[in-house]
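With compact mmCIF, C-alpha atoms inside, this is protein.txt:
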```txt
# COMPACT_ATOMS: atom_id res chain seq x y z
CA MET A 1 81.35 89.71 73.25
CA ASN A 2 81.11 93.46 72.67
CA PHE A 3 80.44 96.04 75.36
CA THR A 4 80.01 99.80 75.04
CA PHE A 5 79.91 102.21 77.96
CA ARG A 6 79.00 105.90 77.92
CA ARG A 7 80.06 108.65 80.28
CA LYS A 8 82.40 106.60 82.43
CA ARG A 9 86.04 107.33 83.27
CA ILE A 10 89.04 106.17 85.21
CA SER A 11 90.01 109.01 87.57
CA GLY A 12 93.07 107.56 89.32
CA ILE A 13 95.40 104.57 89.46
CA LEU A 14 97.68 103.53 92.32
CA THR A 15 99.96 100.50 92.20
CA VAL A 16 101.35 98.94 95.39
CA VAL A 17 104.47 96.75 95.06
CA PRO A 18 106.34 95.01 97.87
CA ALA A 19 109.56 96.82 98.82
CA ASN A 20 111.41 93.52 98.70
CA VAL A 21 113.36 93.28 95.39
CA ARG A 22 114.66 89.85 94.28
CA SER A 23 117.08 89.32 91.45
CA PHE A 24 117.07 86.55 88.88
CA VAL A 25 120.85 86.18 89.02
CA GLU A 26 120.65 85.41 92.75
CA GLU A 27 117.84 82.92 92.28
CA MET A 28 119.51 81.07 89.41
CA LYS A 29 121.28 78.88 91.96
CA ASN A 30 117.93 77.33 92.89
CA PHE A 31 117.46 76.00 89.38
CA ASN A 32 119.02 72.71 88.45
CA PHE A 33 120.21 74.12 85.15
CA PRO A 34 123.47 75.26 83.46
CA GLU A 35 124.23 78.88 84.28
CA ALA A 36 124.76 79.80 80.63
CA ARG A 37 121.25 78.64 79.77
CA SER A 38 119.78 80.57 82.69
CA LEU A 39 121.51 83.70 81.44
CA LYS A 40 120.10 83.06 77.98
CA LEU A 41 116.66 82.77 79.55
CA LYS A 42 117.25 86.11 81.29
CA GLU A 43 118.26 87.77 78.02
CA VAL A 44 115.40 86.41 75.91
CA MET A 45 112.56 86.67 78.43
CA GLY A 46 113.71 89.85 80.13
CA PHE A 47 114.01 88.32 83.60
CA ASP A 48 115.86 90.54 86.03
CA LYS A 49 114.29 92.01 89.15
CA HIS A 50 110.95 91.09 90.64
CA ARG A 51 108.97 92.11 93.71
CA LEU A 52 107.81 89.42 96.10
CA VAL A 53 106.01 89.73 99.42
CA GLU A 54 107.63 88.58 102.65
CA PRO A 55 106.18 85.33 104.06
CA GLY A 56 102.73 85.83 105.54
CA VAL A 57 101.79 88.97 103.62
CA CYS A 58 98.28 88.72 102.11
CA ILE A 59 96.45 90.68 99.44
CA SER A 60 94.28 92.51 101.98
CA ASP A 61 97.52 93.89 103.53
CA LEU A 62 98.56 95.38 100.18
CA ALA A 63 95.07 96.68 99.38
CA VAL A 64 94.52 98.28 102.81
CA PHE A 65 97.98 99.89 102.61
CA GLY A 66 97.13 101.40 99.21
CA LEU A 67 93.67 102.65 100.17
CA GLU A 68 95.02 104.18 103.41
CA HIS A 69 97.67 105.96 101.33
CA LEU A 70 94.89 107.52 99.21
CA PHE A 71 92.77 108.43 102.25
CA SER A 72 95.68 110.00 104.15
CA ARG A 73 96.66 112.17 101.18
CA GLY A 74 93.10 113.31 100.54
CA LEU A 75 93.05 111.67 97.09
CA LEU A 76 89.98 109.65 98.05
CA GLY A 77 87.44 110.01 100.83
CA PRO A 78 86.64 106.83 102.82
CA SER A 79 82.91 107.49 102.48
CA ASP A 80 83.16 108.13 98.72
CA LEU A 81 83.28 104.47 97.76
CA ASP A 82 79.93 102.95 96.85
CA ALA A 83 81.46 99.69 95.65
CA LEU A 84 84.70 97.79 96.08
CA ILE A 85 85.38 95.18 93.43
CA LEU A 86 88.31 92.95 94.28
CA VAL A 87 89.80 90.81 91.52
CA THR A 88 92.13 88.13 92.83
CA GLN A 89 93.18 84.49 92.64
CA SER A 90 94.89 84.53 96.03
CA PRO A 91 92.22 85.47 98.60
CA ASP A 92 93.09 85.69 102.30
CA HIS A 93 90.55 82.91 102.95
CA PHE A 94 87.98 80.87 100.99
CA ILE A 95 85.37 82.39 103.33
CA PRO A 96 84.65 85.31 103.76
CA PRO A 97 85.26 87.37 100.60
CA THR A 98 88.47 89.35 100.95
CA SER A 99 86.65 92.50 99.73
CA ASN A 100 84.59 92.30 102.95
CA ILE A 101 87.78 91.89 104.99
CA ILE A 102 89.21 95.03 103.37
CA GLN A 103 85.98 96.96 104.00
CA GLY A 104 86.07 95.87 107.65
CA ARG A 105 89.73 96.71 108.21
CA LEU A 106 89.18 100.21 106.78
CA LYS A 107 85.82 100.66 108.56
CA LEU A 108 84.14 101.73 105.32
CA LYS A 109 80.43 102.50 105.31
CA SER A 110 77.97 99.58 105.29
CA ASP A 111 75.90 101.19 102.52
CA MET A 112 78.12 99.78 99.80
CA LEU A 113 78.71 96.71 97.65
CA CYS A 114 81.75 94.46 98.13
CA MET A 115 82.43 91.76 95.59
CA ASP A 116 85.26 89.30 94.91
CA ILE A 117 85.90 88.19 91.34
CA ASN A 118 88.21 85.28 90.61
CA GLN A 119 90.07 86.27 87.45
CA GLY A 120 93.73 86.53 86.52
CA CYS A 121 95.49 88.03 83.55
CA SER A 122 92.26 89.59 82.19
CA GLY A 123 91.23 90.70 85.67
CA PHE A 124 91.84 94.40 85.20
CA ILE A 125 89.50 94.66 82.22
CA ILE A 126 86.89 92.33 83.76
CA GLY A 127 86.96 94.41 86.96
CA LEU A 128 86.51 97.62 84.96
CA VAL A 129 83.59 96.15 83.01
CA GLN A 130 81.89 95.24 86.30
CA ALA A 131 82.55 98.73 87.69
CA PHE A 132 81.11 100.44 84.59
CA LEU A 133 78.00 98.27 84.83
CA LEU A 134 77.52 99.22 88.50
CA LEU A 135 77.84 102.91 87.66
CA GLU A 136 74.57 102.62 85.71
CA GLN A 137 72.89 102.59 89.14
CA GLU A 138 71.81 105.94 90.54
CA SER A 139 73.15 105.02 94.00
CA ILE A 140 76.64 104.20 92.77
CA ARG A 141 78.88 107.20 92.06
CA LYS A 142 82.36 105.90 92.70
CA VAL A 143 83.83 102.40 92.48
CA ALA A 144 87.24 101.10 93.52
CA VAL A 145 88.52 98.27 91.34
CA VAL A 146 91.18 96.52 93.41
CA ASN A 147 93.41 94.03 91.63
CA ALA A 148 95.70 92.06 93.92
CA ASP A 149 97.67 88.82 93.85
CA VAL A 150 100.48 87.25 95.85
CA LEU A 151 100.99 84.22 93.64
CA SER A 152 104.69 83.92 94.50
CA ARG A 153 103.43 82.10 97.58
CA LYS A 154 102.05 79.38 95.29
CA THR A 155 104.99 79.23 92.87
CA SER A 156 107.82 76.71 93.15
CA PRO A 157 111.24 78.38 93.58
CA LYS A 158 112.67 75.42 91.65
CA ASP A 159 110.46 75.95 88.59
CA ARG A 160 112.25 78.30 86.24
CA ASN A 161 109.25 78.34 83.88
CA SER A 162 107.29 80.31 86.48
CA TYR A 163 109.30 81.58 89.43
CA PRO A 164 111.60 84.10 87.69
CA LEU A 165 108.68 85.93 86.11
CA ILE A 166 106.20 85.97 89.00
CA GLY A 167 105.56 89.18 90.92
CA ASP A 168 103.25 90.21 93.74
CA ALA A 169 101.33 93.50 93.69
CA ALA A 170 98.04 95.28 94.18
CA SER A 171 96.41 98.20 92.41
CA ILE A 172 93.53 100.51 93.14
CA THR A 173 91.71 102.06 90.20
CA ILE A 174 88.97 104.59 90.82
CA VAL A 175 86.12 104.60 88.32
CA GLU A 176 83.36 107.18 88.17
CA ARG A 177 80.98 109.01 85.86
CA ASP A 178 82.38 111.26 83.16
CA THR A 179 80.89 114.71 82.57
CA GLU A 180 81.95 114.44 78.91
CA ASP A 181 80.01 112.24 76.50
CA SER A 182 82.81 109.66 76.31
CA ARG A 183 82.61 106.13 74.94
CA ILE A 184 84.51 103.09 76.11
CA HIS A 185 84.52 99.94 73.99
CA ALA A 186 85.40 96.48 75.22
CA ASN A 187 85.55 93.00 73.77
CA LEU A 188 85.72 89.91 76.01
CA LYS A 189 86.21 86.28 75.05
CA MET A 190 86.41 83.07 77.09
CA ASP A 191 87.35 79.46 76.42
CA GLY A 192 86.99 77.25 79.47
CA THR A 193 87.89 74.10 77.51
CA ARG A 194 91.50 75.22 77.86
CA ASN A 195 91.26 75.94 81.60
CA GLU A 196 94.16 73.62 82.52
CA ILE A 197 96.82 75.63 80.67
CA LEU A 198 97.18 77.92 83.70
CA MET A 199 96.15 76.43 87.02
CA ILE A 200 96.95 75.56 90.61
CA PRO A 201 95.81 71.92 90.62
CA ALA A 202 95.57 71.33 94.40
CA GLY A 203 94.28 73.30 97.35
CA GLY A 204 90.64 73.75 96.37
CA PHE A 205 87.72 71.40 96.95
CA ARG A 206 88.43 69.15 93.92
CA LEU A 207 91.89 68.23 95.18
CA PRO A 208 92.52 69.45 98.73
CA SER A 209 96.11 70.07 99.80
CA THR A 210 97.72 67.06 101.50
CA PRO A 211 101.34 66.10 102.22
CA GLU A 212 101.25 64.31 98.84
CA THR A 213 100.19 67.39 96.86
CA ALA A 214 103.12 69.25 98.44
CA VAL A 215 105.70 66.78 97.09
CA LEU A 216 107.99 68.30 94.45
CA ASN A 217 108.00 66.35 91.19
CA ASP A 218 110.37 66.64 88.27
CA VAL A 219 108.06 68.02 85.58
CA GLY A 220 110.68 67.97 82.82
CA ASP A 221 113.76 70.04 82.01
CA ASN A 222 114.85 69.61 85.67
CA ASN A 223 112.05 71.82 86.89
CA LEU A 224 110.57 70.81 90.25
CA ARG A 225 106.98 71.62 91.12
CA ALA A 226 104.23 70.33 93.43
CA ARG A 227 100.52 70.11 92.69
CA ASP A 228 100.05 72.87 95.27
CA HIS A 229 102.01 75.15 92.94
CA LEU A 230 101.04 77.33 90.02
CA ARG A 231 101.46 75.51 86.72
CA MET A 232 101.91 77.44 83.49
CA ASP A 233 102.15 75.74 80.13
CA GLY A 234 104.30 78.49 78.64
CA SER A 235 104.34 77.32 75.04
CA ALA A 236 100.57 76.75 74.98
CA VAL A 237 100.06 80.25 76.38
CA PHE A 238 102.40 81.65 73.73
CA ASN A 239 100.41 80.05 70.91
CA PHE A 240 97.13 81.15 72.45
CA VAL A 241 98.28 84.78 72.63
CA GLN A 242 99.68 84.86 69.10
CA VAL A 243 96.56 83.30 67.60
CA GLU A 244 93.76 84.96 69.60
CA VAL A 245 94.88 88.43 70.70
CA PRO A 246 95.63 90.23 67.38
CA PRO A 247 92.20 89.44 65.87
CA LEU A 248 90.51 90.45 69.15
CA ILE A 249 92.16 93.88 69.10
CA GLU A 250 91.42 94.32 65.40
CA ALA A 251 87.76 93.50 66.03
CA LEU A 252 87.62 95.96 68.94
CA LEU A 253 89.13 98.79 66.92
CA SER A 254 86.88 98.14 63.97
CA GLN A 255 83.82 98.05 66.29
CA ALA A 256 84.93 101.43 67.64
CA GLY A 257 85.81 102.79 64.18
CA VAL A 258 89.34 103.67 65.30
CA PRO A 259 92.35 102.82 63.11
CA MET A 260 95.33 101.04 64.67
CA ASN A 261 97.63 104.05 64.19
CA ALA A 262 95.23 106.35 66.08
CA VAL A 263 95.95 104.41 69.27
CA ASP A 264 98.66 106.16 71.30
CA TYR A 265 99.55 103.17 73.50
CA PHE A 266 98.77 99.50 73.90
CA PHE A 267 98.95 98.65 77.60
CA CYS A 268 98.93 94.88 77.69
CA HIS A 269 99.10 92.24 80.36
CA GLN A 270 102.80 91.47 80.97
CA PRO A 271 103.59 87.74 80.76
CA ASN A 272 107.22 88.43 79.73
CA ARG A 273 109.07 90.67 77.28
CA PHE A 274 109.51 87.93 74.67
CA MET A 275 105.81 87.26 74.30
CA LEU A 276 104.91 90.96 74.14
CA GLN A 277 107.49 91.72 71.47
CA LYS A 278 106.22 88.81 69.37
CA LEU A 279 102.70 90.16 69.83
CA ALA A 280 103.81 93.65 68.77
CA ASP A 281 105.58 92.15 65.72
CA LYS A 282 102.46 90.28 64.72
CA MET A 283 100.26 93.37 65.11
CA ARG A 284 102.88 95.59 63.40
CA VAL A 285 102.89 97.91 66.40
CA PRO A 286 106.20 99.64 67.27
CA TYR A 287 107.67 98.40 70.58
CA ALA A 288 107.60 101.98 71.91
CA LYS A 289 103.80 101.92 71.71
CA MET A 290 103.54 98.62 73.59
CA PRO A 291 105.69 98.80 76.74
CA SER A 292 106.98 95.40 77.91
CA ASN A 293 109.18 96.38 80.87
CA VAL A 294 107.09 95.20 83.81
CA VAL A 295 108.44 91.66 84.17
CA GLU A 296 112.07 92.84 84.28
CA ASN A 297 111.31 95.48 86.92
CA PHE A 298 108.49 94.03 89.02
CA GLY A 299 107.46 90.58 87.74
CA ASN A 300 104.15 89.38 86.34
CA SER A 301 101.50 90.07 88.97
CA SER A 302 98.58 88.68 86.97
CA GLY A 303 95.66 91.16 86.95
CA VAL A 304 97.85 93.95 88.35
CA THR A 305 100.21 94.14 85.36
CA ILE A 306 98.14 96.60 83.30
CA PRO A 307 97.91 99.16 86.14
CA THR A 308 101.63 98.57 86.74
CA VAL A 309 102.61 99.19 83.12
CA ILE A 310 100.53 102.38 83.12
CA THR A 311 101.75 103.81 86.43
CA PHE A 312 105.40 102.85 85.75
CA ASN A 313 105.65 104.25 82.21
CA MET A 314 103.14 107.10 82.19
CA LYS A 315 103.37 108.41 85.74
CA GLU A 316 103.53 112.16 85.00
CA ARG A 317 102.11 112.22 81.51
CA LEU A 318 98.66 110.92 82.34
CA LEU A 319 98.20 113.62 84.98
CA LYS A 320 98.57 116.33 82.36
CA GLU A 321 97.08 114.97 79.15
CA LYS A 322 94.64 112.50 77.71
CA LEU A 323 95.70 109.60 75.49
CA LYS A 324 93.82 107.08 73.41
CA VAL A 325 94.80 103.72 74.84
CA CYS A 326 94.01 100.10 74.13
CA LEU A 327 94.21 97.69 77.07
CA ALA A 328 94.56 93.95 76.52
CA GLY A 329 94.54 91.11 79.04
CA PHE A 330 94.92 87.41 78.25
CA GLY A 331 95.52 84.22 80.17
CA VAL A 332 93.93 82.27 83.01
CA GLY A 333 90.54 80.84 82.09
CA LEU A 334 91.34 81.03 79.27
CA THR A 335 90.12 84.59 78.79
CA TRP A 336 91.19 87.30 76.39
CA CYS A 337 89.86 90.83 76.61
CA ALA A 338 90.58 94.25 75.17
CA MET A 339 89.29 97.73 75.96
CA LEU A 340 89.62 101.04 74.11
CA LEU A 341 89.31 104.27 76.08
CA ASP A 342 90.59 107.81 76.48
CA LEU A 343 92.76 107.82 79.58
CA GLY A 344 94.21 110.91 81.23
CA PHE A 345 93.89 113.97 83.44
CA LEU A 346 94.04 111.53 86.32
CA ASP A 347 93.84 112.71 89.93
CA PHE A 348 96.72 110.34 90.75
CA ASN A 349 98.86 107.84 88.85
CA ASN A 350 101.59 106.44 91.02
CA ILE A 351 103.52 103.43 92.33
CA ILE A 352 104.21 103.07 96.05
CA GLU A 353 106.14 100.46 98.03
CA TYR A 354 104.57 98.30 100.69
CA GLN A 355 106.80 98.09 103.77
CA MET B 356 110.28 76.06 52.27
CA ASN B 357 113.98 76.71 51.88
CA ARG B 358 115.34 73.89 54.06
CA PRO B 359 118.96 75.11 54.40
CA GLU B 360 117.63 78.44 55.61
CA PHE B 361 115.36 76.65 58.12
CA TYR B 362 118.30 74.60 59.47
CA GLN B 363 120.32 77.81 59.81
CA ARG B 364 117.56 79.41 61.86
CA LEU B 365 117.43 76.30 64.01
CA ALA B 366 121.21 76.48 64.50
CA GLU B 367 120.88 80.05 65.75
CA ILE B 368 118.28 78.99 68.29
CA LEU B 369 120.47 76.10 69.46
CA ASP B 370 123.62 78.25 69.59
CA VAL B 371 125.57 75.92 67.27
CA GLU B 372 127.42 76.40 63.98
CA GLU B 373 125.32 74.04 61.95
CA VAL B 374 122.30 71.74 62.16
CA LYS B 375 122.04 68.85 59.70
CA ALA B 376 118.83 67.22 58.51
CA GLU B 377 119.58 63.94 60.26
CA ASP B 378 120.57 65.51 63.62
CA THR B 379 118.52 64.37 66.60
CA LEU B 380 117.14 67.42 68.38
CA LYS B 381 117.32 65.89 71.86
CA ASP B 382 121.08 65.42 71.44
CA PHE B 383 121.66 69.17 71.55
CA ASP B 384 122.46 70.51 75.03
CA GLU B 385 120.39 73.55 74.28
CA TRP B 386 117.23 71.68 73.26
CA ASP B 387 115.02 72.75 76.19
CA SER B 388 111.78 74.58 76.81
CA LEU B 389 113.35 77.91 75.86
CA SER B 390 114.44 76.49 72.50
CA VAL B 391 111.02 74.95 71.93
CA LEU B 392 109.43 78.34 72.58
CA SER B 393 111.91 79.98 70.22
CA VAL B 394 110.98 77.45 67.51
CA LEU B 395 107.28 78.23 68.02
CA ALA B 396 108.06 81.93 67.65
CA MET B 397 110.20 81.34 64.56
CA ALA B 398 107.50 79.19 62.93
CA ASP B 399 104.97 81.93 63.62
CA SER B 400 107.00 84.92 62.47
CA LYS B 401 108.91 83.38 59.52
CA TYR B 402 106.43 80.79 58.24
CA GLY B 403 103.09 82.14 59.50
CA ILE B 404 102.02 78.95 61.24
CA ALA B 405 101.12 78.00 64.81
CA ILE B 406 102.68 74.77 66.09
CA ARG B 407 101.87 73.26 69.46
CA ALA B 408 104.68 72.32 71.85
CA GLU B 409 103.39 68.70 71.97
CA GLU B 410 103.79 68.46 68.20
CA ILE B 411 107.39 69.60 68.48
CA ARG B 412 108.14 67.17 71.29
CA SER B 413 107.00 64.26 69.12
CA VAL B 414 109.50 64.98 66.34
CA VAL B 415 112.96 63.37 66.43
CA THR B 416 115.25 64.92 63.82
CA ALA B 417 115.71 68.39 62.36
CA ALA B 418 114.27 67.06 59.09
CA ASP B 419 111.14 65.90 60.96
CA LEU B 420 110.73 69.40 62.33
CA ALA B 421 111.13 70.94 58.88
CA GLY B 422 108.55 68.43 57.62
CA LEU B 423 106.12 69.45 60.36
CA VAL B 424 106.42 73.12 59.40
CA GLU B 425 105.89 72.29 55.72
CA ALA B 426 102.86 70.13 56.47
CA LYS B 427 101.34 72.98 58.51
CA GLN B 428 101.90 75.47 55.71
CA LYS B 429 99.72 73.47 53.34
```
Would you put the structure from the file into structure tokens?
Amino acid sequence: MNFTFRRKRISGILTVVPANVRSFVEEMKNFNFPEARSLKLKEVMGFDKHRLVEPGVCISDLAVFGLEHLFSRGLLGPSDLDALILVTQSPDHFIPPTSNIIQGRLKLKSDMLCMDINQGCSGFIIGLVQAFLLLEQESIRKVAVVNADVLSRKTSPKDRNSYPLIGDAASITIVERDTEDSRIHANLKMDGTRNEILMIPAGGFRLPSTPETAVLNDVGDNNLRARDHLRMDGSAVFNFVQVEVPPLIEALLSQAGVPMNAVDYFFCHQPNRFMLQKLADKMRVPYAKMPSNVVENFGNSSGVTIPTVITFNMKERLLKEKLKVCLAGFGVGLTWCAMLLDLGFLDFNNIIEYQ
Amino acid sequence: MNRPEFYQRLAEILDVEEVKAEDTLKDFDEWDSLSVLSVLAMADSKYGIAIRAEEIRSVVTAADLAGLVEAKQK
């Protein structure tokens, strides 16, 4: 489904990562697997360091920390926000919405809209689409899109298909009106028939958590996982990305009338380096234009990976110039989304550590 | 498809000198989820086809796998 937005812009991006760095080599011992094969996995997938929260840390902690950082440095005024859109799959509670918890902890004004959206790997683009739609309202001048997930808390440390690549993080993206007559194009697609490819089977209302859902089962290849844990069918995801994402991006660019080589950077969701390089190969995009270094430095933090890849690789550059960028998110749902925009002259573009 | 070339690519994935048509894939130490993913990637980049992991898990020998790729190409 095509979307076009006029006179909207991203004015700042802040990524918050836990200070706690874990290394794959240390964690290899937890896997019931020959060391040589684990090292091969490291080499091919690009597993190395990842950032995980300490026990008990929730997404509202990361989000409040990031917003307070912006307030204290005068990069954002607490009363400036007319809407706070939180995109997460790991809320503090089922009830109330975590966006309301964040608003309350920061004592933001009551004349605003708080909204939780449950989306994962496409969550950055879906959050932006929602923010751009809200900005059509006269009363809404500035929106914070907060992406946050702490999925390590739902990932089995004995599942080497998931644990080595997972990361926890939050990001705050400020969206507002643009004084220039800019255009942003987006293309979103969904296929709920494949919803089980990425899921946490237990813990909701369909299958509440019990002592039985917490039991670790051998799910093949000596990987141990409970039904309370995140389950990723890696090979199905790989096929899905290779088949669906290149035509989506081609359709988006053709809708916008922009040739592939006019795009300065492709900032994609970061499942792992292997999958991104295969995607770049398929699209005939040079690796330098499609950074894939988030998993090896921070881990895959679901909807936060696109802000992470931008703030990590383009920290200084996007403060001083404007680039034509294509964003792409794909995964949980299944959903696959892409967005084309001019990004730059940001007020801030930074990564900070949560202590 | 050039079968010897396919078996050579398979050997590289499995970190062995040689893979023969009649070899049973499960007998290789290195036949695990990483290898399956590497085969999917190889089928996609070298032969332009998408195979599902379930389809790969149902094949027994290297020749069966080559046959699956050929069938998909048609």
Considering all atoms listed in the file, extract the chain A residues located within 7 Å of chain B and return them as a short mmCIF file (atom, residue, chain, number, x, y, z; two decimals) with C-alpha atoms, in the frame of the given file.
```cif
data_model
loop_
_atom_site.label_atom_id
_atom_site.label_comp_id
_atom_site.auth_asym_id
_atom_site.auth_seq_id
_atom_site.Cartn_x
_atom_site.Cartn_y
_atom_site.Cartn_z
CA LEU A 41 116.66 82.77 79.55
CA ASP A 221 113.76 70.04 82.01
CA SER A 235 104.34 77.32 75.04
CA ALA A 236 100.57 76.75 74.98
CA ASN A 239 100.41 80.05 70.91
#
```
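Atom CA of A:Val44 is positioned 15.7 Å from atom CA of B:Leu365.
Each of A:Val57, A:Cys114, A:Val215, A:Leu207 was checked against A:Leu151 using all atoms listed in the file; the smallest atom-to-atom distance is that of A:Val57.
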**Study point:** Near-A:Leu75 list (9 Å; all atoms listed in the file; drop same-chain fewer than 6 positions) as number ranges by chain
**Key:** A: 12, 69, 347-348
Review point. From the list B:Glu373, B:Asp419, B:Asp382, B:Glu410, which residue is nearest B:Glu360 when using all atoms listed in the file?
Key: B:Glu373
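Here atom CA of A:Arg7 stands at a distance of 6.2 Å from atom CA of A:Glu180.
With distances restricted to all atoms listed in the file, B:Ala421 is the closest residue to B:Pro359 from B:Val414, B:Ala421, B:Ala398, B:Gln428.
Pairwise distance (atom CA of A:Leu216, atom CA of A:Gly120) equals 24.5 Å.
Proximity to A:Gly204 was assessed for A:Thr311, A:Ser60, A:Ser90, A:Asp82 counting all atoms listed in the file; the smallest distance is recorded for A:Ser90.
Among the candidates B:Ser413, B:Ala418, B:Val394, B:Tyr402, the residue lying nearest to B:Met356 is B:Tyr402 (atoms considered: only C-alpha atoms).
The residue that comes closest to B:Arg412, out of B:Thr379, B:Ala366, B:Arg358, B:Glu372 and on the basis of all atoms listed in the file, is B:Thr379.
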Practice item. Find the residues around A:Met314 up to 12 Å (all atoms listed in the file counted), leave out those fewer than 5 positions away in its own chain, and share them as a VMD selection string. Key: chain A and resid 13 264 to 265 267 289 291 306 to 309 319 to 323 325 343 to 346 348 to 351
Point to revise | Contact residues around A:Phe33 with all atoms listed in the file at 10 Å, ignoring same-chain residues under 6 positions, as an MDAnalysis selection string | key: chainID A and resid 160 221:223
Around all of stretch 379-386 of chain B's listed atoms, make the axis-aligned box with 6 Å on each side and tell me centre and edge lengths in Å to one decimal, as lines of an AutoDock Vina configuration file.
```
center_x = 119.8
center_y = 69.0
center_z = 70.8
size_x = 17.3
size_y = 21.2
size_z = 20.4
```
**Study point:** Long-range neighbours of A:Phe240 as a ChimeraX atom specification, 9 Å cut-off, only C-alpha atoms, 5 positions minimum in chain
**Key:** /A:235,245,330-331,334
